[in-house]
>>> print(open('entry_30.csv').read())   # CSV, C-alpha atoms
chain,number,residue,atom,x,y,z
A,1,MET,CA,76.3,118.5,123.1
A,2,ASP,CA,79.9,118.6,121.8
A,3,PHE,CA,82.8,116.9,123.7
A,4,GLY,CA,86.4,117.9,124.0
A,5,LEU,CA,89.5,116.4,125.5
A,6,VAL,CA,91.9,118.5,127.6
A,7,LEU,CA,95.5,117.4,128.1
A,8,GLN,CA,98.8,118.8,129.4
A,9,THR,CA,101.6,118.8,126.9
A,10,ASP,CA,103.9,116.6,128.8
A,11,PRO,CA,106.6,114.9,126.8
A,12,PRO,CA,106.6,112.8,124.7
A,13,ALA,CA,104.4,114.9,122.4
A,14,SER,CA,103.7,111.8,120.4
A,15,ARG,CA,101.5,110.6,123.3
A,16,VAL,CA,99.5,113.8,123.3
A,17,VAL,CA,99.0,113.4,119.6
A,18,GLY,CA,98.0,109.8,120.0
A,19,LEU,CA,95.4,110.5,122.7
A,20,MET,CA,93.9,113.2,120.5
A,21,GLN,CA,93.7,110.8,117.6
A,22,ARG,CA,92.0,108.3,120.0
A,23,ALA,CA,89.6,111.1,121.1
A,24,GLU,CA,88.6,111.9,117.5
A,25,ARG,CA,88.0,108.2,116.8
A,26,ASN,CA,85.7,108.1,119.8
A,27,GLY,CA,83.6,111.1,118.7
A,28,PHE,CA,85.3,114.0,120.5
A,29,ARG,CA,85.2,117.2,118.3
A,30,TYR,CA,87.6,119.4,120.3
A,31,GLY,CA,91.2,118.8,121.5
A,32,TRP,CA,92.4,121.3,124.1
A,33,THR,CA,95.7,121.6,126.0
A,34,PHE,CA,97.1,123.7,128.9
A,35,ASP,CA,99.4,126.6,127.9
A,36,SER,CA,102.2,127.3,130.3
A,37,ALA,CA,105.6,127.4,128.6
A,38,VAL,CA,107.7,126.7,131.7
A,39,LEU,CA,105.6,123.8,133.0
A,40,TRP,CA,104.9,121.9,129.8
A,41,GLN,CA,106.0,121.7,126.2
A,42,GLU,CA,105.0,124.4,123.7
A,43,PRO,CA,101.4,123.6,122.7
A,44,PHE,CA,101.3,125.4,119.3
A,45,VAL,CA,104.1,123.2,117.9
A,46,ILE,CA,102.1,120.1,119.0
A,47,TYR,CA,98.8,121.5,117.6
A,48,SER,CA,100.4,121.3,114.1
A,49,GLN,CA,101.0,117.6,114.6
A,50,ILE,CA,97.5,117.0,116.1
A,51,LEU,CA,95.9,118.7,113.1
A,52,ALA,CA,98.1,116.9,110.6
A,53,ASN,CA,97.1,113.5,112.2
A,54,THR,CA,93.4,114.1,112.6
A,55,GLU,CA,90.7,115.0,110.1
A,56,GLN,CA,88.1,117.2,111.8
A,57,LEU,CA,89.3,117.8,115.4
A,58,HIS,CA,89.4,121.5,116.4
A,59,VAL,CA,92.3,122.4,118.7
A,60,GLY,CA,93.2,125.2,121.0
A,61,PRO,CA,94.6,126.2,124.4
A,62,MET,CA,92.6,126.0,127.6
A,63,VAL,CA,93.8,128.6,128.1
A,64,THR,CA,96.4,131.0,126.7
A,65,ASN,CA,96.8,134.6,128.0
A,66,PRO,CA,97.7,138.0,126.6
A,67,GLY,CA,100.9,138.3,128.5
A,68,THR,CA,103.3,135.5,127.5
A,69,ARG,CA,103.2,136.2,123.7
A,70,THR,CA,102.7,139.4,121.8
A,71,TRP,CA,99.2,139.6,120.3
A,72,GLU,CA,100.3,139.7,116.7
A,73,VAL,CA,102.4,136.5,117.2
A,74,THR,CA,99.4,134.8,118.8
A,75,ALA,CA,97.1,135.8,115.9
A,76,SER,CA,99.7,134.8,113.3
A,77,THR,CA,100.2,131.4,114.9
A,78,PHE,CA,96.5,130.6,114.9
A,79,ALA,CA,96.1,131.9,111.4
A,80,THR,CA,99.0,129.8,110.1
A,81,LEU,CA,97.5,126.7,111.6
A,82,ASN,CA,94.1,127.6,110.1
A,83,ASP,CA,95.7,128.2,106.6
A,84,MET,CA,97.4,124.9,106.8
A,85,TYR,CA,94.5,122.8,108.2
A,86,GLY,CA,91.3,124.6,107.4
A,87,ASN,CA,90.1,126.9,110.2
A,88,ARG,CA,90.2,124.2,112.9
A,89,THR,CA,91.5,126.2,115.8
A,90,VAL,CA,89.8,128.0,118.8
A,91,CYS,CA,91.6,130.5,121.0
A,92,GLY,CA,90.7,129.8,124.6
A,93,ILE,CA,92.1,132.8,126.6
A,94,GLY,CA,92.1,134.0,130.2
A,95,ARG,CA,94.1,136.3,132.6
A,96,GLY,CA,96.9,133.7,133.0
A,97,ASP,CA,97.4,131.7,136.2
A,98,SER,CA,100.3,129.3,136.0
A,99,ALA,CA,101.8,130.7,132.8
A,100,MET,CA,102.2,134.2,134.4
A,101,ARG,CA,102.9,133.2,138.0
A,102,VAL,CA,105.5,130.6,137.3
A,103,ALA,CA,107.4,133.3,135.4
A,104,GLY,CA,107.1,135.6,138.4
A,105,ARG,CA,104.5,137.9,136.9
A,106,ALA,CA,101.0,138.8,138.0
A,107,PRO,CA,98.0,137.6,135.9
A,108,ASN,CA,96.9,140.1,133.3
A,109,THR,CA,94.2,142.7,134.1
A,110,LEU,CA,90.7,142.3,132.7
A,111,ALA,CA,91.2,145.5,130.7
A,112,ARG,CA,94.2,144.1,129.0
A,113,LEU,CA,92.4,140.8,128.4
A,114,GLY,CA,89.4,142.5,126.8
A,115,ASP,CA,91.7,144.5,124.4
A,116,ALA,CA,93.6,141.3,123.5
A,117,ILE,CA,90.4,139.4,122.6
A,118,ASP,CA,89.4,142.1,120.1
A,119,VAL,CA,92.9,142.5,118.6
A,120,ILE,CA,93.8,138.8,118.3
A,121,ARG,CA,90.5,137.9,116.7
A,122,ASP,CA,90.7,140.9,114.3
A,123,LEU,CA,94.3,140.2,113.2
A,124,ALA,CA,93.7,136.4,112.9
A,125,GLU,CA,90.7,137.1,110.6
A,126,GLY,CA,92.6,139.5,108.4
A,127,ARG,CA,91.4,142.8,109.8
A,128,GLU,CA,93.4,145.8,110.9
A,129,ALA,CA,93.8,146.3,114.7
A,130,GLN,CA,95.7,148.7,116.9
A,131,VAL,CA,98.7,147.1,118.6
A,132,ASP,CA,100.4,149.3,121.1
A,133,GLY,CA,98.9,152.3,119.4
A,134,ASN,CA,100.0,151.3,115.9
A,135,PRO,CA,97.7,150.0,113.1
A,136,VAL,CA,98.6,146.4,112.2
A,137,ARG,CA,97.2,144.0,109.6
A,138,ILE,CA,98.5,140.6,108.6
A,139,PRO,CA,98.3,140.9,104.8
A,140,TRP,CA,98.6,137.2,103.8
A,141,ILE,CA,95.5,136.1,105.8
A,142,LYS,CA,92.5,135.2,103.5
A,143,ASP,CA,89.2,133.9,104.8
A,144,GLY,CA,90.5,133.6,108.4
A,145,ARG,CA,88.3,132.5,111.2
A,146,LEU,CA,89.2,132.4,114.9
A,147,PRO,CA,86.5,132.0,117.6
A,148,VAL,CA,87.8,133.4,120.9
A,149,TRP,CA,86.5,131.8,124.1
A,150,MET,CA,87.2,133.3,127.4
A,151,ALA,CA,87.6,131.6,130.8
A,152,ALA,CA,86.0,133.4,133.8
A,153,TYR,CA,84.7,133.0,137.3
A,154,GLY,CA,84.2,136.4,138.9
A,155,PRO,CA,81.5,138.9,138.2
A,156,LYS,CA,83.6,141.4,136.2
A,157,ALA,CA,85.2,138.6,134.2
A,158,LEU,CA,81.9,137.0,133.5
A,159,ALA,CA,80.6,140.3,132.2
A,160,LEU,CA,83.6,140.7,129.9
A,161,ALA,CA,83.0,137.2,128.5
A,162,GLY,CA,79.4,138.1,127.7
A,163,GLN,CA,80.4,141.5,126.2
A,164,LYS,CA,83.3,140.3,123.9
A,165,ALA,CA,83.9,136.6,123.7
A,166,ASP,CA,82.5,134.1,121.2
A,167,GLY,CA,82.5,131.4,123.9
A,168,PHE,CA,82.6,131.1,127.7
A,169,ILE,CA,84.8,128.5,129.4
A,170,LEU,CA,83.8,127.5,132.9
A,171,GLN,CA,86.3,125.2,134.6
A,172,LEU,CA,84.0,123.3,136.9
A,173,ALA,CA,81.0,121.1,136.5
A,174,ASP,CA,78.7,122.0,139.4
A,175,PRO,CA,75.2,122.6,138.1
A,176,PHE,CA,74.3,125.3,140.6
A,177,LEU,CA,77.4,127.4,139.9
A,178,THR,CA,77.1,126.7,136.2
A,179,GLU,CA,73.5,128.1,136.2
A,180,TRP,CA,74.6,131.2,138.1
A,181,MET,CA,77.6,131.9,135.8
A,182,VAL,CA,75.9,131.2,132.5
A,183,LYS,CA,73.1,133.5,133.5
A,184,ALA,CA,75.6,136.3,134.3
A,185,VAL,CA,77.4,135.8,130.9
A,186,ARG,CA,74.1,135.8,129.0
A,187,GLN,CA,72.8,138.9,130.8
A,188,ALA,CA,76.0,140.8,130.0
A,189,ALA,CA,75.7,139.7,126.3
A,190,THR,CA,72.2,141.0,126.2
A,191,GLU,CA,73.1,144.3,127.8
A,192,ALA,CA,75.9,144.7,125.3
A,193,GLY,CA,73.4,144.3,122.4
A,194,ARG,CA,74.6,140.8,121.5
A,195,ASP,CA,72.6,137.6,121.0
A,196,PRO,CA,73.2,135.7,124.3
A,197,GLY,CA,72.4,132.4,122.5
A,198,ALA,CA,75.4,133.0,120.2
A,199,VAL,CA,77.9,132.7,123.0
A,200,THR,CA,79.0,129.1,123.1
A,201,ILE,CA,79.1,127.6,126.7
A,202,CYS,CA,81.9,125.2,127.4
A,203,VAL,CA,82.2,123.4,130.8
A,204,ALA,CA,85.5,121.8,131.5
A,205,ALA,CA,86.2,119.4,134.4
A,206,PRO,CA,87.9,116.1,135.2
A,207,ALA,CA,85.9,113.0,134.4
A,208,TYR,CA,86.6,109.5,135.8
A,209,VAL,CA,84.5,106.6,134.8
A,210,THR,CA,84.3,103.8,137.4
A,211,ALA,CA,83.1,100.2,137.0
A,212,ASP,CA,80.6,100.7,139.8
A,213,ASP,CA,79.6,103.1,142.6
A,214,SER,CA,81.3,101.3,145.4
A,215,SER,CA,83.0,103.4,148.1
A,216,ALA,CA,86.4,102.1,147.1
A,217,ALA,CA,86.0,103.0,143.4
A,218,LEU,CA,84.7,106.5,144.2
A,219,ALA,CA,87.5,107.1,146.7
A,220,HIS,CA,90.1,106.3,144.1
A,221,ALA,CA,88.4,108.5,141.5
A,222,ARG,CA,88.3,111.4,144.0
A,223,ASP,CA,92.0,111.1,144.8
A,224,GLN,CA,92.8,111.1,141.1
A,225,CYS,CA,90.8,114.3,140.5
A,226,ARG,CA,91.3,116.2,143.8
A,227,TRP,CA,94.0,118.3,142.1
A,228,PHE,CA,91.2,120.1,140.2
A,229,GLY,CA,89.7,121.7,143.3
A,230,GLY,CA,93.1,123.1,144.1
A,231,MET,CA,93.5,124.5,140.6
A,232,VAL,CA,90.1,126.2,140.8
A,233,GLY,CA,91.0,127.3,144.3
A,234,ASN,CA,93.7,129.6,142.8
A,235,HIS,CA,91.1,131.5,140.9
A,236,VAL,CA,88.7,131.6,143.9
A,237,ALA,CA,91.5,132.9,146.1
A,238,ASP,CA,91.9,135.8,143.7
A,239,LEU,CA,88.2,136.5,143.8
A,240,VAL,CA,88.2,136.5,147.7
A,241,SER,CA,91.1,138.9,147.8
A,242,ARG,CA,89.3,141.2,145.3
A,243,TYR,CA,85.7,141.1,146.6
A,244,GLY,CA,85.9,139.6,150.1
A,245,GLU,CA,84.6,136.3,151.3
A,246,HIS,CA,81.0,137.5,151.9
A,247,SER,CA,80.6,140.2,149.3
A,248,GLY,CA,77.5,138.7,147.7
A,249,LEU,CA,79.2,139.1,144.3
A,250,VAL,CA,80.6,135.6,144.3
A,251,PRO,CA,78.5,132.6,145.5
A,252,GLU,CA,79.7,131.3,148.9
A,253,ASP,CA,79.3,127.8,147.5
A,254,LEU,CA,82.4,128.7,145.5
A,255,THR,CA,84.5,130.5,148.2
A,256,GLU,CA,83.8,128.6,151.4
A,257,TYR,CA,86.0,125.6,150.7
A,258,ILE,CA,89.3,127.6,150.3
A,259,ARG,CA,89.4,128.7,153.9
A,260,ALA,CA,91.9,125.9,154.7
A,261,ARG,CA,94.0,126.7,151.6
A,262,LYS,CA,97.6,127.4,152.7
A,263,GLY,CA,99.5,127.9,149.5
A,264,TYR,CA,100.1,126.3,146.1
A,265,ASP,CA,103.1,124.7,144.4
A,266,TYR,CA,102.8,125.0,140.7
A,267,SER,CA,105.3,122.2,140.1
A,268,HIS,CA,102.4,119.8,140.7
A,269,HIS,CA,99.8,121.9,138.8
A,270,GLY,CA,97.0,119.8,137.3
A,271,ARG,CA,98.4,116.5,138.4
A,272,ALA,CA,96.9,113.7,140.4
A,273,GLY,CA,98.4,113.5,143.9
A,274,ASN,CA,99.1,117.2,144.1
A,275,PRO,CA,100.1,117.8,147.7
A,276,SER,CA,98.8,121.4,147.6
A,277,THR,CA,95.2,120.2,147.3
A,278,ASP,CA,94.8,118.3,150.6
A,279,PHE,CA,92.4,121.1,151.7
A,280,VAL,CA,89.9,120.1,149.0
A,281,PRO,CA,87.0,118.1,150.6
A,282,ASP,CA,85.3,115.1,148.9
A,283,GLU,CA,82.1,117.2,148.5
A,284,ILE,CA,83.9,119.7,146.3
A,285,VAL,CA,85.5,117.0,144.2
A,286,ASP,CA,82.1,115.4,143.7
A,287,ARG,CA,80.5,118.8,142.8
A,288,PHE,CA,83.2,120.1,140.5
A,289,CYS,CA,84.0,116.8,138.7
A,290,LEU,CA,82.2,113.9,137.0
A,291,LEU,CA,82.9,110.7,138.9
A,292,GLY,CA,81.3,107.3,139.0
A,293,PRO,CA,79.8,104.8,136.6
A,294,VAL,CA,78.5,105.8,133.2
A,295,GLU,CA,75.0,106.5,134.5
A,296,ALA,CA,76.3,109.1,136.9
A,297,HIS,CA,78.0,110.9,134.0
A,298,LEU,CA,74.9,110.8,131.8
A,299,GLU,CA,72.8,112.2,134.6
A,300,LYS,CA,75.0,115.2,135.4
A,301,LEU,CA,75.8,115.9,131.8
A,302,GLY,CA,72.1,115.9,131.0
A,303,ARG,CA,71.6,118.5,133.7
A,304,LEU,CA,74.4,120.7,132.3
A,305,ARG,CA,73.0,120.4,128.8
A,306,ASP,CA,69.6,121.6,130.1
A,307,LEU,CA,71.3,124.6,131.5
A,308,GLY,CA,72.6,125.5,128.1
A,309,VAL,CA,76.0,123.9,128.1
A,310,ASP,CA,77.1,123.3,124.5
A,311,GLN,CA,80.3,121.4,125.1
A,312,PHE,CA,81.8,119.3,127.9
A,313,ALA,CA,85.6,119.2,127.9
A,314,VAL,CA,87.1,116.3,129.8
A,315,TYR,CA,90.2,117.0,131.8
A,316,ASP,CA,92.0,113.7,131.3
A,317,MET,CA,94.9,114.0,133.8
A,318,HIS,CA,94.7,110.8,135.9
A,319,ASP,CA,95.6,107.1,135.7
A,320,ALA,CA,92.8,106.1,133.3
A,321,GLN,CA,93.2,108.3,130.3
A,322,GLU,CA,92.5,105.8,127.5
A,323,GLU,CA,89.8,104.1,129.5
A,324,THR,CA,88.0,107.4,130.0
A,325,ILE,CA,88.2,108.4,126.3
A,326,ASP,CA,86.9,104.9,125.3
A,327,ALA,CA,84.1,104.9,127.8
A,328,TYR,CA,82.9,108.3,126.6
A,329,GLY,CA,83.1,107.2,123.0
A,330,ALA,CA,81.2,104.0,123.6
A,331,ARG,CA,78.4,105.0,125.9
A,332,ILE,CA,78.3,108.8,126.7
A,333,ILE,CA,78.9,110.7,123.5
A,334,PRO,CA,76.4,108.5,121.5
A,335,ALA,CA,73.8,109.2,124.1
A,336,LEU,CA,74.3,113.0,124.3
A,337,GLY,CA,76.3,114.0,121.3
>>> encode(input="entry_30.csv", output="structure tokens")
Amino acid sequence: MDFGLVLQTDPPASRVVGLMQRAERNGFRYGWTFDSAVLWQEPFVIYSQILANTEQLHVGPMVTNPGTRTWEVTASTFATLNDMYGNRTVCGIGRGDSAMRVAGRAPNTLARLGDAIDVIRDLAEGREAQVDGNPVRIPWIKDGRLPVWMAAYGPKALALAGQKADGFILQLADPFLTEWMVKAVRQAATEAGRDPGAVTICVAAPAYVTADDSSAALAHARDQCRWFGGMVGNHVADLVSRYGEHSGLVPEDLTEYIRARKGYDYSHHGRAGNPSTDFVPDEIVDRFCLLGPVEAHLEKLGRLRDLGVDQFAVYDMHDAQEETIDAYGARIIPALG
């Protein structure tokens, strides 16, 4: 199992770079960041510094979207980084939640996302693609390589990931839901004539390592990670509005907890203490995240690995960033990596 570190690009950028260096020293192979230009600093500028100051770390957004940048610009940016640092980028992409909504736009359609996956990958790897009906090729790209991994939750999005993406990003670490969604992605890949085993499976969720399993330690860890249930809730709310609460197309284990959701303030997006996430119960935090002593992390990660998860990416937005990176490097990555 590979391991990744996920950060927001809060200033100063030097701290983001430093944490990614620390992650590489601890055995992490991937470094991911959020991508929302209004809320945080521009990630692609920071990727250049991360790549320059690491040796093997692969970097990319978790996730970008096809609406805030033109597709040829996205492809050229990735290809430039790859040309400079040796094909060490991954394009994580989705419909766009915070990046689009904060700018007053709706998330992209799945049709647009599917087209963008093909075009961005083709352009970044030096092939010709149709951009707004016009043939485009970036002539300076030689030996380009850009895996495109898609984030998804709902049935149509899961199908699209299986049909087109090189990898599937699932932003929650509940084994039941992971099994359901991985099965859907692999089935779609098979039906599209693809090798389902060739689709990389990446689960991303907050991880908080505690000294013990005391009620006080777990309560603090939950409060530091409760924001994640609110972030996932934004996507679940979209699914409920599209399919209904009891459609049978989306597991009710996923939709039930958002009944008490009353809105969402993106100014606190992805941050501990987010006041928009009071509706998230402890049970959901425990199911979606990895909390507790090292042994609890090893047990849950082992279950995820048995379900076919290739990478676990640690959302490290809480008050124990360095401690979590070091704990994973000392005791978890050596056991599972």
>>> residues_around(input="entry_30.csv", residues="A:Ala192", least_positions_apart="6", cutoff="10 Å", atoms="all atoms listed in the file", output="list in words")
Ala159, Leu160, Gly162, Gln163, Lys164 and Arg186 of chain A
>>> residues_around(input="entry_30.csv", residues="A:Asn274", least_positions_apart="4", cutoff="8 Å", atoms="all atoms listed in the file", output="PyMOL selection string")
chain A and resi 226-227+268-270+278
>>> write_last_selection(input="entry_30.csv", atoms="C-alpha atoms", output="compact mmCIF listing (two decimals), keeping the file's coordinate frame")
# COMPACT_ATOMS: atom_id res chain seq x y z
CA ARG A 226 91.30 116.20 143.80
CA TRP A 227 94.00 118.30 142.10
CA HIS A 268 102.40 119.80 140.70
CA HIS A 269 99.80 121.90 138.80
CA GLY A 270 97.00 119.80 137.30
CA ASP A 278 94.80 118.30 150.60
>>> residues_near_point(input="entry_30.csv", point="(89.7, 117.9, 109.3)", cutoff="8 Å", atoms="all atoms listed in the file", output="list of chain:residue names")
A:Leu51, A:Thr54, A:Glu55, A:Gln56, A:Leu57, A:His58, A:Tyr85, A:Gly86, A:Arg88
>>> closest_residue(input="entry_30.csv", among="A:Arg194, A:Arg29, A:Arg271, A:Arg145", to="A:His318", atoms="all atoms listed in the file")
A:Arg271
>>> closest_residue(input="entry_30.csv", among="A:Met1, A:Ala335, A:Ile117, A:Ala151", to="A:Pro61", atoms="only C-alpha atoms")
A:Ala151
>>> residues_around(input="entry_30.csv", residues="A:Gln171", least_positions_apart="4", cutoff="7 Å", atoms="only C-alpha atoms", output="mmCIF file with C-alpha atoms, in the coordinates of the input")
data_model
loop_
_atom_site.group_PDB
_atom_site.id
_atom_site.type_symbol
_atom_site.label_atom_id
_atom_site.label_comp_id
_atom_site.auth_asym_id
_atom_site.auth_seq_id
_atom_site.Cartn_x
_atom_site.Cartn_y
_atom_site.Cartn_z
ATOM 1 C CA VAL A 203 82.200 123.400 130.800
ATOM 2 C CA ALA A 204 85.500 121.800 131.500
ATOM 3 C CA ALA A 205 86.200 119.400 134.400
#
>>> atom_distance(input="entry_30.csv", atom1="atom CA of A:Phe176", atom2="atom CA of A:Val294")
21.3 Å
>>> residues_near_point(input="entry_30.csv", point="(75.3, 141.4, 130.2)", cutoff="12 Å", atoms="only C-alpha atoms", output="number ranges by chain")
A: 155-165, 181-196, 199
>>> residues_around(input="entry_30.csv", residues="A:Asp326", least_positions_apart="6", cutoff="12 Å", atoms="all atoms listed in the file", output="PyMOL selection string")
chain A and resi 5+19-28+208-209+294+316+320+332-334
>>> closest_atom_pairs(input="entry_30.csv", of="stretch 273-325 of chain A", to="stretch 244-253 of chain A", cutoff="12 Å", atoms="all atoms listed in the file", output="Markdown table")
| residue | atom | partner | partner_atom | distance |
| --- | --- | --- | --- | --- |
| A:Glu283 | CA | A:Asp253 | CA | 11.0 |
| A:Ile284 | CA | A:Asp253 | CA | 9.4 |
| A:Arg287 | CA | A:Asp253 | CA | 10.2 |
| A:Phe288 | CA | A:Asp253 | CA | 11.1 |
>>> write_last_selection(input="entry_30.csv", atoms="C-alpha atoms", output="PDB file, keeping the file's coordinate frame")
ATOM      1  CA  GLU A 283      82.100 117.200 148.500  1.00  0.00           C
ATOM      2  CA  ILE A 284      83.900 119.700 146.300  1.00  0.00           C
ATOM      3  CA  ARG A 287      80.500 118.800 142.800  1.00  0.00           C
ATOM      4  CA  PHE A 288      83.200 120.100 140.500  1.00  0.00           C
TER       5      PHE A 288
END
>>> atom_distance(input="entry_30.csv", atom1="atom CA of A:Val73", atom2="atom CA of A:Leu39")
20.5 Å
>>> closest_residue(input="entry_30.csv", among="A:Ser215, A:Thr80, A:Gln49, A:Ser98", to="A:Thr64", atoms="all atoms listed in the file")
A:Ser98
>>> atom_distance(input="entry_30.csv", atom1="atom CA of A:Trp180", atom2="atom CA of A:Tyr315")
22.0 Å
>>> residues_around(input="entry_30.csv", residues="A:Gly60", least_positions_apart="6", cutoff="6 Å", atoms="all atoms listed in the file", output="MDAnalysis selection string")
chainID A and resid 32 89:91
>>> closest_residue(input="entry_30.csv", among="A:Pro139, A:Gly96, A:Gly104, A:Gly31", to="A:Asp2", atoms="only C-alpha atoms")
A:Gly31
>>> closest_residue(input="entry_30.csv", among="A:Glu299, A:Gly92, A:Ala207, A:Ala79", to="A:Gln321", atoms="only C-alpha atoms")
A:Ala207
>>> closest_residue(input="entry_30.csv", among="A:Thr277, A:Thr200, A:Ser214, A:Thr324", to="A:Asn234", atoms="only C-alpha atoms")
A:Thr277
>>> build_atoms(input="entry_30.csv", residues="stretch 68-75 of chain A", atoms="all heavy atoms", output="mmCIF file, keeping the file's coordinate frame")
data_model
loop_
_atom_site.group_PDB
_atom_site.id
_atom_site.type_symbol
_atom_site.label_atom_id
_atom_site.label_comp_id
_atom_site.auth_asym_id
_atom_site.auth_seq_id
_atom_site.Cartn_x
_atom_site.Cartn_y
_atom_site.Cartn_z
ATOM 1 N N THR A 68 102.097 136.287 127.729
ATOM 2 C CA THR A 68 103.300 135.500 127.500
ATOM 3 C C THR A 68 103.713 135.553 125.989
ATOM 4 O O THR A 68 104.816 135.133 125.654
ATOM 5 C CB THR A 68 103.105 134.041 127.882
ATOM 6 O OG1 THR A 68 101.912 133.522 127.289
ATOM 7 C CG2 THR A 68 103.001 133.925 129.387
ATOM 8 N N ARG A 69 102.829 136.017 125.125
ATOM 9 C CA ARG A 69 103.200 136.200 123.700
ATOM 10 C C ARG A 69 102.592 137.561 123.272
ATOM 11 O O ARG A 69 101.541 137.970 123.751
ATOM 12 C CB ARG A 69 102.509 135.119 122.829
ATOM 13 C CG ARG A 69 102.996 133.720 123.077
ATOM 14 C CD ARG A 69 102.239 132.733 122.176
ATOM 15 N NE ARG A 69 102.691 131.374 122.368
ATOM 16 C CZ ARG A 69 102.236 130.552 123.304
ATOM 17 N NH1 ARG A 69 101.278 130.966 124.123
ATOM 18 N NH2 ARG A 69 102.708 129.336 123.433
ATOM 19 N N THR A 70 103.276 138.216 122.338
ATOM 20 C CA THR A 70 102.700 139.400 121.800
ATOM 21 C C THR A 70 101.452 139.034 120.970
ATOM 22 O O THR A 70 101.355 137.928 120.441
ATOM 23 C CB THR A 70 103.666 140.198 120.901
ATOM 24 O OG1 THR A 70 104.068 139.369 119.803
ATOM 25 C CG2 THR A 70 104.891 140.614 121.701
ATOM 26 N N TRP A 71 100.504 139.942 120.876
ATOM 27 C CA TRP A 71 99.200 139.600 120.300
ATOM 28 C C TRP A 71 99.281 139.278 118.821
ATOM 29 O O TRP A 71 98.559 138.408 118.340
ATOM 30 C CB TRP A 71 98.198 140.711 120.588
ATOM 31 C CG TRP A 71 98.067 141.016 122.055
ATOM 32 C CD1 TRP A 71 98.574 140.279 123.095
ATOM 33 C CD2 TRP A 71 97.409 142.132 122.644
ATOM 34 N NE1 TRP A 71 98.257 140.863 124.306
ATOM 35 C CE2 TRP A 71 97.541 142.005 124.061
ATOM 36 C CE3 TRP A 71 96.702 143.224 122.137
ATOM 37 C CZ2 TRP A 71 97.002 142.935 124.953
ATOM 38 C CZ3 TRP A 71 96.167 144.144 123.022
ATOM 39 C CH2 TRP A 71 96.315 143.995 124.415
ATOM 40 N N GLU A 72 100.156 139.971 118.099
ATOM 41 C CA GLU A 72 100.300 139.700 116.700
ATOM 42 C C GLU A 72 100.900 138.315 116.431
ATOM 43 O O GLU A 72 100.571 137.625 115.454
ATOM 44 C CB GLU A 72 101.052 140.782 115.931
ATOM 45 C CG GLU A 72 102.527 140.882 116.263
ATOM 46 C CD GLU A 72 102.828 141.762 117.467
ATOM 47 O OE1 GLU A 72 101.904 142.007 118.275
ATOM 48 O OE2 GLU A 72 103.989 142.191 117.602
ATOM 49 N N VAL A 73 101.792 137.891 117.347
ATOM 50 C CA VAL A 73 102.400 136.500 117.200
ATOM 51 C C VAL A 73 101.303 135.490 117.490
ATOM 52 O O VAL A 73 101.202 134.490 116.768
ATOM 53 C CB VAL A 73 103.556 136.390 118.212
ATOM 54 C CG1 VAL A 73 103.996 134.927 118.304
ATOM 55 C CG2 VAL A 73 104.727 137.263 117.771
ATOM 56 N N THR A 74 100.480 135.690 118.519
ATOM 57 C CA THR A 74 99.400 134.800 118.800
ATOM 58 C C THR A 74 98.449 134.661 117.605
ATOM 59 O O THR A 74 98.077 133.560 117.168
ATOM 60 C CB THR A 74 98.610 135.209 120.045
ATOM 61 O OG1 THR A 74 99.486 135.222 121.169
ATOM 62 C CG2 THR A 74 97.448 134.283 120.328
ATOM 63 N N ALA A 75 98.050 135.809 117.062
ATOM 64 C CA ALA A 75 97.100 135.800 115.900
ATOM 65 C C ALA A 75 97.746 135.127 114.709
ATOM 66 O O ALA A 75 97.081 134.326 114.024
ATOM 67 C CB ALA A 75 96.738 137.247 115.578
#
